[in-house]
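Read the structure below first, then the notes.
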Amino acid sequence: MDVVETETARIPTVGLGTWQNTGTECTQTVRTALETGYRHIDTAQQYDNENAVGRGLEQAEVERDEIFLTTKLWRSNLHYDDVIESVEESLGRLQVDYIDLLLIHWPHPRVPVEETLEAMVELSNRGMIRHIGVSNFTLPQLKTARELSEMPVVVNQVLYHPYKKQSALQQYCARHGIALTAYSPLARGDVLTDAVLKRIGDRYNRSPAQVSLRWLVQQDSVVAIPKASSREHLTQNVDIFDFSLTGEEMRRINDRTGPVRVRLRNKLPRLVRRIPV
């Protein structure tokens, strides 16, 4: 598995996203993913599946130190004491001694990011987490977090797919040794019927989904965490490292805009960042 190297972390380039995957299915998915070569698992306190992810980690015959495990602090847990307490609970649900990467899931307009970062540093000092990062932060918010943090902010996880452009953020992350992790990299399945991606994929005997993922990880410092549950789709999502897109193909994908419903969904992070709860 290829990795993105940040200032302090080496992050597998393709990981397993587990949003909306819960219970027994989630456990089986995590186990299957690890069996098929995944070494990066992404979850969150708000996903209500840390228990299921933990069971999958336990059942897989992969050593803990080979797995890069990410979870995220929910917005109700961003004050100092809540950060400490909630991560202790996350460790219990995940059945692990440490978390490789802890993210602030969303910025909160009423909780100073400095307070949350201070607690995350304390967790690192206690050996409970290895690296810290943020999610759904704008470029100015990311810059502020980096300025205030005593530890390197190694990731910003954001909505990123062929119909959601993040060029300014991606270029900033690449310059500063930060991984830009793309969630919903397949635009909730909308790329699967994209005619341009299909034509490009036909040239390489690859699916539109694989072309979309290749477009992402071929950019500097970009990590992708597609959601999948079947062994077939899990395998396909990591089978993207033996071909490369041409510059012209990259530009054609850059020019995609997607259907209206996707463009509307792309506005959701902007709206959620303004919600104070």
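In the structure tokens, each chain is lettered A, B, ... as it comes, each chain's residues begin at 1, and ligands are numbered from 1 in order of appearance.
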Among segment 37-274 of chain A, which ones does DSSP place in strand (DSSP E or B), written as JSON, numbers by chain?
{"A": [40, 41, 42, 68, 69, 70, 71, 72, 73, 99, 100, 101, 102, 103, 104, 129, 130, 131, 132, 133, 134, 135, 153, 154, 155, 156, 157, 158, 159, 161, 164, 179, 180, 181, 182, 183, 222, 223, 224, 227]}
Among the residues of segment 27-78 of chain A, find those DSSP assigns to helix (DSSP H, G or I) from the backbone and print them as an MDAnalysis selection string.
chainID A and resid 27:35 45:47 50:59 64:66 75:77
Between A:Gln166, A:Gln171, A:Ser229, A:Thr181, single out the one closest to Ser135 of chain A, counting only C-alpha atoms.
A:Thr181
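If you count only C-alpha atoms and ignore residues fewer than 5 places along the chain from segment 145-154 of chain A, what sits within 8 Å of it is Thr6, Glu7, Thr8, Ala9, Val113, Glu114, Leu117, Glu118, Val121, His131, Ile132, Gly133, Val134, Gly177, Ile178 and Ala179 of chain A.
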Determine, for each residue of segment 91-131 of chain A having at least one atom at most 10 Å from an atom of segment 64-74 of chain A, the closest pair of atoms and their separation in Å to one decimal, counting only C-alpha atoms; order by chain and ascending number, as CSV.
residue,atom,partner,partner_atom,distance
A:Leu91,CA,A:Thr71,CA,9.7
A:Leu94,CA,A:Thr71,CA,9.6
A:Val96,CA,A:Arg64,CA,8.2
A:Asp97,CA,A:Arg64,CA,9.5
A:Tyr98,CA,A:Leu69,CA,8.8
A:Ile99,CA,A:Leu69,CA,5.9
A:Asp100,CA,A:Leu69,CA,5.2
A:Leu101,CA,A:Thr70,CA,4.7
A:Leu102,CA,A:Thr71,CA,5.4
A:Leu103,CA,A:Lys72,CA,4.5
A:Ile104,CA,A:Leu73,CA,5.1
A:His105,CA,A:Lys72,CA,5.2
A:Trp106,CA,A:Trp74,CA,7.3
A:Pro107,CA,A:Trp74,CA,9.6
A:His108,CA,A:Trp74,CA,9.9
A:Thr116,CA,A:Leu73,CA,9.4
A:Met120,CA,A:Leu73,CA,9.9
A:Ile129,CA,A:Thr70,CA,9.6
A:Arg130,CA,A:Leu69,CA,9.9
A:His131,CA,A:Thr70,CA,9.3
With N, CA, C and O atoms kept, could you save the residues just selected as a PDB file, in the first residue's frame?
ATOM      1  N   LEU A  91     -11.339   4.694  23.103  1.00  0.00           N
ATOM      2  CA  LEU A  91     -10.349   3.624  23.224  1.00  0.00           C
ATOM      3  C   LEU A  91     -10.993   2.347  23.740  1.00  0.00           C
ATOM      4  O   LEU A  91     -10.677   1.243  23.259  1.00  0.00           O
ATOM      5  N   LEU A  94     -13.130   0.837  20.911  1.00  0.00           N
ATOM      6  CA  LEU A  94     -12.288   0.312  19.834  1.00  0.00           C
ATOM      7  C   LEU A  94     -11.394  -0.844  20.303  1.00  0.00           C
ATOM      8  O   LEU A  94     -10.796  -1.525  19.469  1.00  0.00           O
ATOM      9  N   VAL A  96      -8.512  -0.738  21.835  1.00  0.00           N
ATOM     10  CA  VAL A  96      -7.108  -0.493  21.512  1.00  0.00           C
ATOM     11  C   VAL A  96      -6.484   0.357  22.609  1.00  0.00           C
ATOM     12  O   VAL A  96      -7.178   1.011  23.386  1.00  0.00           O
ATOM     13  N   ASP A  97      -5.158   0.371  22.638  1.00  0.00           N
ATOM     14  CA  ASP A  97      -4.431   1.153  23.634  1.00  0.00           C
ATOM     15  C   ASP A  97      -4.144   2.568  23.155  1.00  0.00           C
ATOM     16  O   ASP A  97      -3.847   3.454  23.964  1.00  0.00           O
ATOM     17  N   TYR A  98      -4.181   2.772  21.843  1.00  0.00           N
ATOM     18  CA  TYR A  98      -3.902   4.102  21.300  1.00  0.00           C
ATOM     19  C   TYR A  98      -4.621   4.257  19.972  1.00  0.00           C
ATOM     20  O   TYR A  98      -4.985   3.278  19.314  1.00  0.00           O
ATOM     21  N   ILE A  99      -4.814   5.491  19.590  1.00  0.00           N
ATOM     22  CA  ILE A  99      -5.389   5.856  18.295  1.00  0.00           C
ATOM     23  C   ILE A  99      -4.288   6.527  17.487  1.00  0.00           C
ATOM     24  O   ILE A  99      -3.580   7.412  17.990  1.00  0.00           O
ATOM     25  N   ASP A 100      -4.136   6.120  16.244  1.00  0.00           N
ATOM     26  CA  ASP A 100      -3.069   6.699  15.431  1.00  0.00           C
ATOM     27  C   ASP A 100      -3.329   8.158  15.095  1.00  0.00           C
ATOM     28  O   ASP A 100      -2.405   8.972  15.099  1.00  0.00           O
ATOM     29  N   LEU A 101      -4.587   8.474  14.783  1.00  0.00           N
ATOM     30  CA  LEU A 101      -4.908   9.834  14.368  1.00  0.00           C
ATOM     31  C   LEU A 101      -6.245  10.245  14.966  1.00  0.00           C
ATOM     32  O   LEU A 101      -7.263   9.571  14.765  1.00  0.00           O
ATOM     33  N   LEU A 102      -6.231  11.350  15.705  1.00  0.00           N
ATOM     34  CA  LEU A 102      -7.450  11.918  16.274  1.00  0.00           C
ATOM     35  C   LEU A 102      -7.741  13.236  15.573  1.00  0.00           C
ATOM     36  O   LEU A 102      -6.884  14.126  15.523  1.00  0.00           O
ATOM     37  N   LEU A 103      -8.955  13.358  15.039  1.00  0.00           N
ATOM     38  CA  LEU A 103      -9.365  14.560  14.315  1.00  0.00           C
ATOM     39  C   LEU A 103     -10.455  15.311  15.069  1.00  0.00           C
ATOM     40  O   LEU A 103     -11.292  14.702  15.740  1.00  0.00           O
ATOM     41  N   ILE A 104     -10.463  16.611  14.928  1.00  0.00           N
ATOM     42  CA  ILE A 104     -11.629  17.413  15.288  1.00  0.00           C
ATOM     43  C   ILE A 104     -12.609  17.269  14.131  1.00  0.00           C
ATOM     44  O   ILE A 104     -12.310  17.676  13.003  1.00  0.00           O
ATOM     45  N   HIS A 105     -13.773  16.672  14.376  1.00  0.00           N
ATOM     46  CA  HIS A 105     -14.678  16.311  13.282  1.00  0.00           C
ATOM     47  C   HIS A 105     -15.189  17.535  12.531  1.00  0.00           C
ATOM     48  O   HIS A 105     -15.257  17.534  11.297  1.00  0.00           O
ATOM     49  N   TRP A 106     -15.599  18.543  13.279  1.00  0.00           N
ATOM     50  CA  TRP A 106     -16.076  19.800  12.696  1.00  0.00           C
ATOM     51  C   TRP A 106     -15.597  20.952  13.576  1.00  0.00           C
ATOM     52  O   TRP A 106     -15.571  20.822  14.798  1.00  0.00           O
ATOM     53  N   PRO A 107     -15.286  22.083  12.988  1.00  0.00           N
ATOM     54  CA  PRO A 107     -15.025  23.256  13.824  1.00  0.00           C
ATOM     55  C   PRO A 107     -16.316  23.693  14.505  1.00  0.00           C
ATOM     56  O   PRO A 107     -17.411  23.473  13.983  1.00  0.00           O
ATOM     57  N   HIS A 108     -16.178  24.268  15.691  1.00  0.00           N
ATOM     58  CA  HIS A 108     -17.347  24.717  16.445  1.00  0.00           C
ATOM     59  C   HIS A 108     -17.235  26.223  16.684  1.00  0.00           C
ATOM     60  O   HIS A 108     -16.239  26.683  17.238  1.00  0.00           O
ATOM     61  N   THR A 116      -9.394  22.743  22.407  1.00  0.00           N
ATOM     62  CA  THR A 116      -9.455  21.354  21.944  1.00  0.00           C
ATOM     63  C   THR A 116      -8.062  20.833  21.622  1.00  0.00           C
ATOM     64  O   THR A 116      -7.702  19.708  21.996  1.00  0.00           O
ATOM     65  N   MET A 120      -5.836  17.604  23.056  1.00  0.00           N
ATOM     66  CA  MET A 120      -5.295  16.583  22.155  1.00  0.00           C
ATOM     67  C   MET A 120      -3.798  16.385  22.401  1.00  0.00           C
ATOM     68  O   MET A 120      -3.294  15.260  22.373  1.00  0.00           O
ATOM     69  N   ILE A 129      -2.894   8.877  21.901  1.00  0.00           N
ATOM     70  CA  ILE A 129      -2.990   9.144  20.469  1.00  0.00           C
ATOM     71  C   ILE A 129      -1.590   9.418  19.933  1.00  0.00           C
ATOM     72  O   ILE A 129      -0.695   9.820  20.682  1.00  0.00           O
ATOM     73  N   ARG A 130      -1.406   9.181  18.629  1.00  0.00           N
ATOM     74  CA  ARG A 130      -0.089   9.378  18.012  1.00  0.00           C
ATOM     75  C   ARG A 130      -0.008  10.703  17.228  1.00  0.00           C
ATOM     76  O   ARG A 130       1.028  11.357  17.237  1.00  0.00           O
ATOM     77  N   HIS A 131      -1.094  11.041  16.528  1.00  0.00           N
ATOM     78  CA  HIS A 131      -1.084  12.223  15.670  1.00  0.00           C
ATOM     79  C   HIS A 131      -2.422  12.938  15.789  1.00  0.00           C
ATOM     80  O   HIS A 131      -3.426  12.329  16.176  1.00  0.00           O
TER      81      HIS A 131
END
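Of the listed residues (A:Ala224, A:Ile11, A:Val272, A:Pro259), A:Pro259 comes nearest to Thr193 of chain A; the distances count only C-alpha atoms.
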What does the structure give for the distance between atom CA of Gln28 of chain A and atom CA of Gly56 of chain A, in Å to one decimal?
6.2 Å
Return as CSV the residues of segment 199-248 of chain A lying at most 12 Å from segment 30-43 of chain A, together with the closest atom-to-atom pair for each and the distance in Å to one decimal, counting only C-alpha atoms, with rows in chain order and ascending residue number.
residue,atom,partner,partner_atom,distance
A:Val223,CA,A:His40,CA,10.2
A:Ala224,CA,A:His40,CA,10.1
A:Ile225,CA,A:Asp42,CA,7.4
A:Pro226,CA,A:Asp42,CA,9.8
A:Lys227,CA,A:Asp42,CA,9.7
A:Ala228,CA,A:Ala33,CA,9.0
A:Ser229,CA,A:Ala33,CA,8.4
A:Ser230,CA,A:Thr32,CA,8.4
A:Arg231,CA,A:Thr32,CA,6.7
A:Glu232,CA,A:Thr36,CA,9.9
A:His233,CA,A:Ala33,CA,9.9
A:Leu234,CA,A:Ala33,CA,6.4
A:Thr235,CA,A:Thr36,CA,6.5
A:Gln236,CA,A:Thr36,CA,10.2
A:Asn237,CA,A:Tyr38,CA,9.8
A:Val238,CA,A:Tyr38,CA,7.8
A:Asp239,CA,A:Gly37,CA,10.3
What does the distance from atom CA of Leu192 of chain A to atom CA of Glu249 of chain A come to in Å, to one decimal?
16.7 Å
Near-Asp81 of chain A list (12 Å; only C-alpha atoms; drop same-chain fewer than 2 positions) as a PDB file with N, CA and C atoms, in the first residue's frame:
ATOM      1  N   SER A  76     -19.863  17.886  20.386  1.00  0.00           N
ATOM      2  CA  SER A  76     -20.241  18.012  21.794  1.00  0.00           C
ATOM      3  C   SER A  76     -19.089  17.662  22.730  1.00  0.00           C
ATOM      4  N   ASN A  77     -17.970  17.213  22.184  1.00  0.00           N
ATOM      5  CA  ASN A  77     -16.839  16.757  23.006  1.00  0.00           C
ATOM      6  C   ASN A  77     -15.575  17.581  22.778  1.00  0.00           C
ATOM      7  N   LEU A  78     -15.716  18.844  22.465  1.00  0.00           N
ATOM      8  CA  LEU A  78     -14.547  19.644  22.101  1.00  0.00           C
ATOM      9  C   LEU A  78     -13.955  20.470  23.237  1.00  0.00           C
ATOM     10  N   HIS A  79     -14.683  20.613  24.355  1.00  0.00           N
ATOM     11  CA  HIS A  79     -14.076  21.253  25.519  1.00  0.00           C
ATOM     12  C   HIS A  79     -13.036  20.307  26.123  1.00  0.00           C
ATOM     13  N   VAL A  83     -12.899  16.269  25.766  1.00  0.00           N
ATOM     14  CA  VAL A  83     -11.953  15.611  24.850  1.00  0.00           C
ATOM     15  C   VAL A  83     -11.320  14.410  25.545  1.00  0.00           C
ATOM     16  N   ILE A  84     -10.792  14.635  26.744  1.00  0.00           N
ATOM     17  CA  ILE A  84     -10.103  13.564  27.480  1.00  0.00           C
ATOM     18  C   ILE A  84     -11.057  12.407  27.750  1.00  0.00           C
ATOM     19  N   GLU A  85     -12.211  12.724  28.299  1.00  0.00           N
ATOM     20  CA  GLU A  85     -13.159  11.675  28.669  1.00  0.00           C
ATOM     21  C   GLU A  85     -13.664  10.908  27.456  1.00  0.00           C
ATOM     22  N   SER A  86     -13.991  11.614  26.387  1.00  0.00           N
ATOM     23  CA  SER A  86     -14.572  10.939  25.220  1.00  0.00           C
ATOM     24  C   SER A  86     -13.551  10.056  24.508  1.00  0.00           C
ATOM     25  N   VAL A  87     -12.286  10.462  24.499  1.00  0.00           N
ATOM     26  CA  VAL A  87     -11.264   9.627  23.860  1.00  0.00           C
ATOM     27  C   VAL A  87     -11.001   8.386  24.695  1.00  0.00           C
ATOM     28  N   GLU A  88     -11.020   8.526  26.017  1.00  0.00           N
ATOM     29  CA  GLU A  88     -10.914   7.329  26.859  1.00  0.00           C
ATOM     30  C   GLU A  88     -12.035   6.345  26.524  1.00  0.00           C
ATOM     31  N   GLU A 115      -8.441  25.346  22.787  1.00  0.00           N
ATOM     32  CA  GLU A 115      -8.774  24.512  23.933  1.00  0.00           C
ATOM     33  C   GLU A 115      -8.791  23.041  23.550  1.00  0.00           C
ATOM     34  N   THR A 116      -9.394  22.743  22.407  1.00  0.00           N
ATOM     35  CA  THR A 116      -9.455  21.354  21.944  1.00  0.00           C
ATOM     36  C   THR A 116      -8.062  20.833  21.622  1.00  0.00           C
ATOM     37  N   LEU A 117      -7.260  21.646  20.972  1.00  0.00           N
ATOM     38  CA  LEU A 117      -5.910  21.230  20.606  1.00  0.00           C
ATOM     39  C   LEU A 117      -5.050  20.972  21.840  1.00  0.00           C
ATOM     40  N   GLU A 118      -5.223  21.781  22.874  1.00  0.00           N
ATOM     41  CA  GLU A 118      -4.453  21.567  24.104  1.00  0.00           C
ATOM     42  C   GLU A 118      -4.775  20.208  24.718  1.00  0.00           C
ATOM     43  N   ALA A 119      -6.047  19.834  24.689  1.00  0.00           N
ATOM     44  CA  ALA A 119      -6.425  18.526  25.226  1.00  0.00           C
ATOM     45  C   ALA A 119      -5.864  17.405  24.360  1.00  0.00           C
ATOM     46  N   MET A 120      -5.836  17.604  23.056  1.00  0.00           N
ATOM     47  CA  MET A 120      -5.295  16.583  22.155  1.00  0.00           C
ATOM     48  C   MET A 120      -3.798  16.385  22.401  1.00  0.00           C
ATOM     49  N   GLU A 122      -2.348  16.848  25.268  1.00  0.00           N
ATOM     50  CA  GLU A 122      -2.284  16.105  26.532  1.00  0.00           C
ATOM     51  C   GLU A 122      -2.498  14.612  26.289  1.00  0.00           C
ATOM     52  N   LEU A 123      -3.444  14.265  25.417  1.00  0.00           N
ATOM     53  CA  LEU A 123      -3.678  12.858  25.088  1.00  0.00           C
ATOM     54  C   LEU A 123      -2.439  12.235  24.443  1.00  0.00           C
TER      55      LEU A 123
END
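The interatomic distance for the pair atom CA of Thr24 of chain A and atom CA of Val53 of chain A works out to 9.4 Å.
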